[in-house]
Structures are given as C-alpha cells and as structure tokens.
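In what follows, a single structure is set out as structure tokens and then discussed.
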There are 2 protein chains.
Amino acid sequence: MTYCLAIHVEAGLVFCSDSRTNAGTDHVNTYSKMHEFVLPGQRFFSLLSSGNLATTQVVVQRLRQDLETPSAQSLWTVPSLAAAADYVGWLSADVQRVQAGRDTANTVFEASFILGGQIAGESPGIYLIYPQGNYIHESADHPFLQIGESKYGKPILDRVVQPSLSLEAAARCALVSMNSTIRSNLTVGPPIELGIYRADSLQRGECLSLHDDDPFYKAIADGWSAGLARALEELPRFPWEGGASS
Amino acid sequence: MTYCLAIHVEAGLVFCSDSRTNAGTDHVNTYSKMHEFVLPGQRFFSLLSSGNLATTQVVVQRLRQDLETPSAQSLWTVPSLAAAADYVGWLSADVQRVQAGRDTANTVFEASFILGGQIAGESPGIYLIYPQGNYIHESADHPFLQIGESKYGKPILDRVVQPSLSLEAAARCALVSMNSTIRSNLTVGPPIELGIYRADSLQRGECLSLHDDDPFYKAIADGWSAGLARALEELPRFPWEGGASS
C-alpha cells in the first residue's frame with residue numbers, strides 16, 4: 001500500500017509521500033513516490049503515485065520521454081494544470097490497458113496519482129487522478145487530497161487544514177498525518193518525502209527525505225504524541241468525576 | 001457502516017458505539033448497537049454489533065431467548081468469557097447460515113461483534129468475534145478492539161491507550177476516537193453510546209447516550225479540536241524557519 005497527500009494553502013502547496021511498496025507481504029521494498037518536473041520560472045509539477053508499481057513506473061517514464069520528444073504532448077506543452085491532469089490520466093489509463101491486454105491472472109494494474117503545481121499565469125492547484133483516468137481538483141472547503149491508505153491520517157487533516165494555514169504549519173500537519181498512518185499500518189513506511197512549493201515561485205521549494213531515525217522526524221513524532229496526551233488530559237471531566245484529574 | 005470499540009484497562013472496561021445504520025445511501029436509520037446482559041453480582045456482558053442489521057438483531061434476540069429457556073446454553077450458563085465468545089460466534093454463524101439459505105441475491109449477511117465483561121471468579125476481558133464465528137481477545141500490548149469503520153479512530157488509540165490508563169481517561173479516548181470517525185465518515189453517526197464497567201463490580205457502570213448537541217459531547221469535541229491545534233502549534237519548526245512561529 002501507499003499513503004500520499006497534497007495540501008493547497010494560500011501560500012502554496014505541500015506534497016508528502018511514504019516510500020514503502022509491497023507485493024503481498026513478502027516483496028517489501030522502498031521506492032520514491034514523489035516525482036518532480038520543473039521548468040524554472042515557467043512551470044512546476046509534483047506527481048505522487050500509488051497503486052501498481054509497474055504501472056506508475058511506466059507512467060513516470062513516459063512523462064519523461066515525452067519531455068524529450070519535441071513533437072509530443074508533454075508537461076512542458078500542456079496549456080493548463082487541468083490539461084496536465086487530463087494528460088496524466090490518459091497516459092495512466094493507456095498503460096493499464098496495455099498491461100491488462102497481456103494479463104493471464106486477473107491482476108489489478110490500477111494506479112492513482114496526485115498531480116499538483118503551477119504553470120506561469122495560472123494559480124497553483126492539485127488534482128487527484130483516478131485509475132480510470134478521470135480527475136478531481138481540491139477546493140477551499142476541501143483543500144487537501146489523499147491517495148492510498150488514506151483513512152488513518154484523515155481526521156487530523158479534517159480538523160486542522162484550511163487555506164489560511166502557513167505552508168510550514170500545513171507541512172507539519174502532513175507529517176503528523178503520515179506518522180499516524182505509519183504507526184497504524186505496516187504497509188506504509190519511511191522514508192517520508194516532503195516537498196514544499198511556494199505560490200508563484202515556479203521553482204522547487206524545500207524538500208526533505210525523512211528516515212525513521214532522523215532527529216527532526218523523531219522530534220515531530222514524539223512532540224505529537226506528547227501533545228495528544230496533553231490534549232486528552234485537558235478534556236472536560238465526566239459528570240461523576242467531580243473535577244478530579246485523570 | 002458502524003464504528004464500535006472496547007478498551008480493557010486495569011480498572012475495567014470501556015465500551016463505545018455509534019448508532020447509524022444504512023442500507024445503501026438511502027435507508028439511513030438509528031439503532032443502538034450496544035446490548036448489555038447483567039446478572040448483578042454474578043456476571044456482566046456488553047455486546048457491540050456491526051454488520052448486517054437483520055443478522056445482529058436475530059443474534060441479540062436469540063441471546064435473550066436463551067436466557068429465558070432453562071435447558072438452553074445461555075450467557076447465564078456459559079462457564080467462562082471465552083465460552084461466551086464461542087457461544088455468540090456459533091449463534092452468529094448459525095443465523096448467517098439460515099439467512100444465506102434463503103438468499104437469492106448474493107447478499108452479505110456477515111456480522112462482527114465485540115463481547116466484553118466479567119464472570120465472577122474470572123478477570124474482565126474483551127473478545128472480537130469475526131463473521132466466521134471465530135474470535136480473538138485483547139492483550140496488554142493491544143488493549144483495545146474495534147469493529148466496523150475502524151481506521152479513522154485507530155491512531156489516537158495506538159498512541160495513547162495502555163493498561164495503566166484510568167477508566168475515565170480511556171473513556172475520553174474512546175469518545176475522541178469516535179468523534180474523529182464521525183467527522184471523517186458519514187456512515188458513522190450519533191447518538192454515541194458509552195458504557196463503563198468497573199473491574200469486579202459485576203454490575204452496570206456509568207452509561208451515556210450522547211447526541212450531537214449534547215453539551216458534554218460538544219465540549220469534548222471542541223476541546224479535542226483546540227488541543228490538536230495547540231499540539232500542532234507546539235511542534236518543532238523546520239530548519240529553515242529559524243524558530244519563527246507558524
């Protein structure tokens with residue numbers, strides 16, 4: 001499994017992905033699921049991938065090939081972020097169709113993507129691309145998108161994420177959402193990749209790759225556990241407790 | 001869908017369940033999923049149910065009928081909590097078998113249960129009973145069990161629940177886990193039922209049925225949101241922030 005998320009706040013975009021892949025319980029590996037495509041000053045894209053690894057690898061490879069082929073539609077030529085989502089969705093559906101044509105074992109070749117970024121002249125944005133190739137974008141009421149093992153990390157996003165959050169606060173929230181998922185589900189694992197895109201910068205922002213034993217990541221995880229314990233301790237007492245501490 | 005959980009701490013047991021049932025998206029109803037069976041001074045059971053409502057209703061009805069039938073095995077006659085779990089599991093599998101025998105539409109009749117309580121002379125305990133009728137119990141390393149829509153509410157339990165927690169702290173934790181699930185998933189809904197069993201009391205403990213607009217429940221929900229925002233605010237800053245606030 002996988003867990004990836006992207007958050008759109010007024011100050012820009014946050015991308016976060018785990019790196020664990022597994023085929024059954026035996027073939028557990030580490031692969032990056034965050035792929036950046038940058039034409040500095042003109043366009044920035046970050047693509048997060050989930051699902052069949054053979055599918056997502058071919059999709060990323062074809063995206064890169066198209067950049068090198070002047071006559072091809074590519075992330076450098078699409079006129080808008082929505083058109084970029086459509087192009088990735090078309091590629092993904094096409095790759096799945098080819099793989100399904102060779103299949104002899106009812107294999108699931110599905111993949112989902114989050115594509116976010118900005119093209120000069122447009123606002124930043126994020127899209128979730130379904131295995132069928134269709135896609136949805138975020139909104140001010142729902143400023144984050146998730147793919148993969150999304151349930152464990154959703155409550156903190158539902159409670160806290162809003163467009164006025166600073167980029168760094170949104171990034172901390174993404175790390176907490178990821179850390180909670182990793183603690184509760186073995187199929188999601190480090191290193192965690194975190195990418196920040198500052199609105200209108202049209203270039204890569206800060207990037208971190210955080211292993212389990214990274215001191216900053218440990219400080220976030222431990223700080224969050226301590227903060228939750230404190231939040232629980234400060235909740236109202238039941239009527240029969242008469243104000244006693246827990 | 002449904003979300004129910006039980007927590008076993010040294011001081012006793014906590015049971016918590018939502019009350020939303022739905023068949024598709026149209027037939028949304030409110031039913032209690034917490035069923036208590038009490039022989040004061042001798043044995044206390046609480047049964048939480050999830051899955052096909054027709055199945056769980058018949059199981060509860062047969063459990064109550066057996067109590068009235070002196071010759072039948074029943075919750076008053078089973079020699080241990082494990083035997084009680086076995087008996088409920090057998091009943092559940094039997095009910096599903098009967099319903100499947102009449103089925104014409106590949107209906108899913110499955111149901112899961114959490115059975116917890118205490119029989120005089122034994123320690124308190126909790127069991128998760130699978131649709132197949134088999135069951136597992138909690139352990140000191142994993143002192144809680146969940147059925148239904150369990151992922152949203154698991155991270156807080158994973159981080160905080162341990163056997164030394166007070167009953168009231170465990171109950172607050174259960175309410176937070178439930179509230180987070182309700183916020184993130186429409187198929188889980190109030191009223192929330194919360195039952196507390198004090199170890200060795202062999203009688204019902206405190207019980208609450210909390211609607212959305214209950215002032216205590218609102219204080220818990222709002223207090224938790226505020227506590228999470230504070231916990232997020234207090235997390236370490238990224239290296240490039242130089243200690244500035246978020």
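Ordering of the structure tokens sets the chain letters (A, B, ...), residue numbers begin anew at 1 in every chain, and ligands are numbered from 1 in the order given.
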For Gly121 (chain A), find every residue with an atom within 10 Å (counting only C-alpha atoms), except residues of its own chain fewer than 3 positions away, and show them as an mmCIF file with N, CA, C and O atoms, in the first residue's frame.
data_model
loop_
_atom_site.group_PDB
_atom_site.id
_atom_site.type_symbol
_atom_site.label_atom_id
_atom_site.label_comp_id
_atom_site.auth_asym_id
_atom_site.auth_seq_id
_atom_site.Cartn_x
_atom_site.Cartn_y
_atom_site.Cartn_z
ATOM 1 N N GLN A 42 8.892 28.844 -15.339
ATOM 2 C CA GLN A 42 7.755 28.636 -16.248
ATOM 3 C C GLN A 42 6.700 27.679 -15.691
ATOM 4 O O GLN A 42 5.516 27.957 -15.718
ATOM 5 N N ARG A 43 7.149 26.518 -15.208
ATOM 6 C CA ARG A 43 6.168 25.573 -14.669
ATOM 7 C C ARG A 43 6.810 24.606 -13.676
ATOM 8 O O ARG A 43 7.965 24.211 -13.835
ATOM 9 N N SER A 80 -2.573 24.023 -19.435
ATOM 10 C CA SER A 80 -3.083 24.331 -18.097
ATOM 11 C C SER A 80 -2.828 23.150 -17.167
ATOM 12 O O SER A 80 -2.506 22.043 -17.615
ATOM 13 N N GLN A 118 2.106 24.442 -10.622
ATOM 14 C CA GLN A 118 1.676 25.738 -11.154
ATOM 15 C C GLN A 118 2.314 25.973 -12.524
ATOM 16 O O GLN A 118 3.473 25.615 -12.748
ATOM 17 N N PRO A 124 -1.689 28.117 -8.454
ATOM 18 C CA PRO A 124 -1.303 26.744 -8.113
ATOM 19 C C PRO A 124 -2.558 25.897 -7.895
ATOM 20 O O PRO A 124 -3.637 26.442 -7.626
ATOM 21 N N ASP A 200 3.692 30.939 -6.833
ATOM 22 C CA ASP A 200 4.286 31.867 -7.796
ATOM 23 C C ASP A 200 5.814 31.815 -7.861
ATOM 24 O O ASP A 200 6.411 32.631 -8.568
#
Would you mind listing, for every residue of chain A within 9 Å of chain B, the two atoms forming the shortest contact and the distance between them in Å to one decimal, using only C-alpha atoms, sorted by chain and ascending residue number, as a Markdown table?
| residue | atom | partner | partner_atom | distance |
| --- | --- | --- | --- | --- |
| A:Ser150 | CA | B:Tyr152 | CA | 8.8 |
| A:Lys151 | CA | B:Tyr152 | CA | 5.2 |
| A:Tyr152 | CA | B:Tyr152 | CA | 4.6 |
| A:Gly153 | CA | B:Tyr152 | CA | 7.1 |
| A:Lys154 | CA | B:Tyr152 | CA | 6.8 |
| A:Pro155 | CA | B:Ser180 | CA | 5.6 |
| A:Ile156 | CA | B:Leu228 | CA | 7.9 |
| A:Asp158 | CA | B:Ser184 | CA | 6.9 |
| A:Arg159 | CA | B:Ser225 | CA | 6.5 |
| A:Val160 | CA | B:Ala229 | CA | 6.7 |
| A:Leu165 | CA | B:Ser246 | CA | 8.3 |
| A:Ser166 | CA | B:Ser246 | CA | 6.3 |
| A:Leu167 | CA | B:Ser246 | CA | 8.5 |
| A:Glu168 | CA | B:Ser246 | CA | 6.7 |
| A:Ala169 | CA | B:Ser246 | CA | 5.8 |
| A:Arg172 | CA | B:Leu232 | CA | 7.2 |
| A:Cys173 | CA | B:Leu232 | CA | 7.0 |
| A:Val176 | CA | B:Leu232 | CA | 8.5 |
| A:Ser180 | CA | B:Pro155 | CA | 5.6 |
| A:Thr181 | CA | B:Pro155 | CA | 7.2 |
| A:Arg183 | CA | B:Pro155 | CA | 7.2 |
| A:Ser184 | CA | B:Pro155 | CA | 6.0 |
| A:Glu206 | CA | B:Trp240 | CA | 8.6 |
| A:Phe216 | CA | B:Pro236 | CA | 7.7 |
| A:Ala219 | CA | B:Pro236 | CA | 6.8 |
| A:Ile220 | CA | B:Leu235 | CA | 6.0 |
| A:Ala221 | CA | B:Leu235 | CA | 8.9 |
| A:Gly223 | CA | B:Leu235 | CA | 5.8 |
| A:Trp224 | CA | B:Ala231 | CA | 6.3 |
| A:Ser225 | CA | B:Arg159 | CA | 6.5 |
| A:Ala226 | CA | B:Ala231 | CA | 8.0 |
| A:Gly227 | CA | B:Ala231 | CA | 4.5 |
| A:Leu228 | CA | B:Ala231 | CA | 6.7 |
| A:Ala229 | CA | B:Val160 | CA | 6.7 |
| A:Arg230 | CA | B:Gly227 | CA | 7.6 |
| A:Ala231 | CA | B:Gly227 | CA | 4.5 |
| A:Leu232 | CA | B:Cys173 | CA | 7.0 |
| A:Glu233 | CA | B:Ala169 | CA | 7.5 |
| A:Glu234 | CA | B:Gly223 | CA | 7.7 |
| A:Leu235 | CA | B:Gly223 | CA | 5.8 |
| A:Pro236 | CA | B:Ile220 | CA | 6.3 |
| A:Arg237 | CA | B:Glu168 | CA | 8.0 |
| A:Phe238 | CA | B:Glu168 | CA | 7.4 |
| A:Pro239 | CA | B:Phe216 | CA | 8.7 |
| A:Trp240 | CA | B:Glu206 | CA | 8.6 |
| A:Glu241 | CA | B:Glu168 | CA | 8.2 |
| A:Ser246 | CA | B:Ala169 | CA | 5.8 |
Checklist entry - If you count only C-alpha atoms, which residues fall within 7 Å of Val59 (chain A), apart from same-chain ones fewer than 4 positions away, as a ChimeraX atom specification? => result /A:55,63,91-92,95
Could you name the residues that touch Ser19 (chain A) at 7 Å or less, counting only C-alpha atoms, but leaving out those on the same chain fewer than 6 positions away, as a PDB file with C-alpha atoms, in the first residue's frame?
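part09.pdb, freshly written:
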ATOM      1  CA  THR A  30      11.494   1.134  -0.859  1.00  0.00           C
ATOM      2  CA  TYR A  31      10.687   3.358  -3.839  1.00  0.00           C
ATOM      3  CA  SER A  32      10.182   7.089  -4.057  1.00  0.00           C
ATOM      4  CA  LYS A  33       6.605   8.010  -4.966  1.00  0.00           C
ATOM      5  CA  GLY A 189       6.667   3.165   5.659  1.00  0.00           C
ATOM      6  CA  PRO A 190       9.585   5.587   5.633  1.00  0.00           C
ATOM      7  CA  PRO A 191      11.474   7.373   4.285  1.00  0.00           C
ATOM      8  CA  ILE A 192       8.873  10.106   4.161  1.00  0.00           C
TER       9      ILE A 192
END
Item to check | Length of the CA of Ser139 (chain A) to CA of Leu175 (chain A) vector [Å] | outcome: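 Value for the CA of Ser139 (chain A)-CA of Leu175 (chain A) distance: 21.2 Å.
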Item to check | Selected residue of minimal separation from Gly24 (chain A) among A:Gly125, A:Asn52, A:Leu5, A:Ser164, counting only C-alpha atoms | outcome: A:Asn52
Next on the checklist: Please report the interatomic distance between CA of Leu115 (chain B) and CA of Arg97 (chain B) in Å with one decimal.
Outcome noted: 20.9 Å
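Residue neighbourhood of Phe37 (chain B), excluding near-sequence residues (fewer than 5 positions): B:Arg43, B:Phe44, B:Phe45, B:Ser46, B:Leu47, B:Leu63, B:Arg64, B:Leu67, B:Leu75, B:Trp76, B:Gly117, B:Gln203, B:Arg204, at 10 Å, using only C-alpha atoms.
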Expected file contents, prior selection, C-alpha atoms, as a PDB file, in the first residue's frame:
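Here's the written file part-v9.pdb:
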ATOM      1  CA  ARG B  43     -21.900 -11.736  35.550  1.00  0.00           C
ATOM      2  CA  PHE B  44     -21.851  -8.696  33.285  1.00  0.00           C
ATOM      3  CA  PHE B  45     -21.682  -8.725  29.480  1.00  0.00           C
ATOM      4  CA  SER B  46     -21.756  -5.922  26.933  1.00  0.00           C
ATOM      5  CA  LEU B  47     -22.144  -6.870  23.276  1.00  0.00           C
ATOM      6  CA  LEU B  63     -29.271 -14.489  23.150  1.00  0.00           C
ATOM      7  CA  ARG B  64     -32.232 -13.067  25.102  1.00  0.00           C
ATOM      8  CA  LEU B  67     -31.726 -16.610  28.869  1.00  0.00           C
ATOM      9  CA  LEU B  75     -24.968 -16.170  28.807  1.00  0.00           C
ATOM     10  CA  TRP B  76     -26.086 -17.160  32.335  1.00  0.00           C
ATOM     11  CA  GLY B 117     -17.491  -8.280  30.507  1.00  0.00           C
ATOM     12  CA  GLN B 203     -22.914  -4.744  37.650  1.00  0.00           C
ATOM     13  CA  ARG B 204     -23.585  -1.972  35.113  1.00  0.00           C
TER      14      ARG B 204
END
Next on the checklist: So that I can see what lies close to Phe109 (chain B), please list as a list in words the residues with an atom at most 8 Å from it, counting only C-alpha atoms and leaving out residues fewer than 4 positions away in the same chain.
Outcome noted: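 Listing them by chain and then by number gives Gly51, Asn52, Ala54, Thr55, Gln96, Gln99 and Ala100 of chain B.
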Suppose we keep N, CA and C atoms; can you now write the selection as a PDB file, in the first residue's frame?
ATOM      1  N   GLY B  51     -22.326  -4.789  11.167  1.00  0.00           N
ATOM      2  CA  GLY B  51     -22.577  -5.650  10.016  1.00  0.00           C
ATOM      3  C   GLY B  51     -24.055  -5.642   9.666  1.00  0.00           C
ATOM      4  N   ASN B  52     -24.516  -6.737   9.067  1.00  0.00           N
ATOM      5  CA  ASN B  52     -25.911  -6.840   8.626  1.00  0.00           C
ATOM      6  C   ASN B  52     -26.865  -6.717   9.817  1.00  0.00           C
ATOM      7  N   ALA B  54     -30.105  -7.177  10.114  1.00  0.00           N
ATOM      8  CA  ALA B  54     -31.035  -8.292  10.305  1.00  0.00           C
ATOM      9  C   ALA B  54     -30.337  -9.434  11.043  1.00  0.00           C
ATOM     10  N   THR B  55     -29.057  -9.673  10.718  1.00  0.00           N
ATOM     11  CA  THR B  55     -28.300 -10.710  11.424  1.00  0.00           C
ATOM     12  C   THR B  55     -28.096 -10.338  12.890  1.00  0.00           C
ATOM     13  N   GLN B  96     -26.367 -16.553  10.164  1.00  0.00           N
ATOM     14  CA  GLN B  96     -25.943 -16.229   8.801  1.00  0.00           C
ATOM     15  C   GLN B  96     -26.214 -17.381   7.840  1.00  0.00           C
ATOM     16  N   GLN B  99     -29.895 -17.442   6.988  1.00  0.00           N
ATOM     17  CA  GLN B  99     -30.275 -16.362   6.073  1.00  0.00           C
ATOM     18  C   GLN B  99     -29.717 -16.607   4.670  1.00  0.00           C
ATOM     19  N   ALA B 100     -28.480 -17.122   4.611  1.00  0.00           N
ATOM     20  CA  ALA B 100     -27.879 -17.378   3.298  1.00  0.00           C
ATOM     21  C   ALA B 100     -28.662 -18.455   2.553  1.00  0.00           C
TER      22      ALA B 100
END
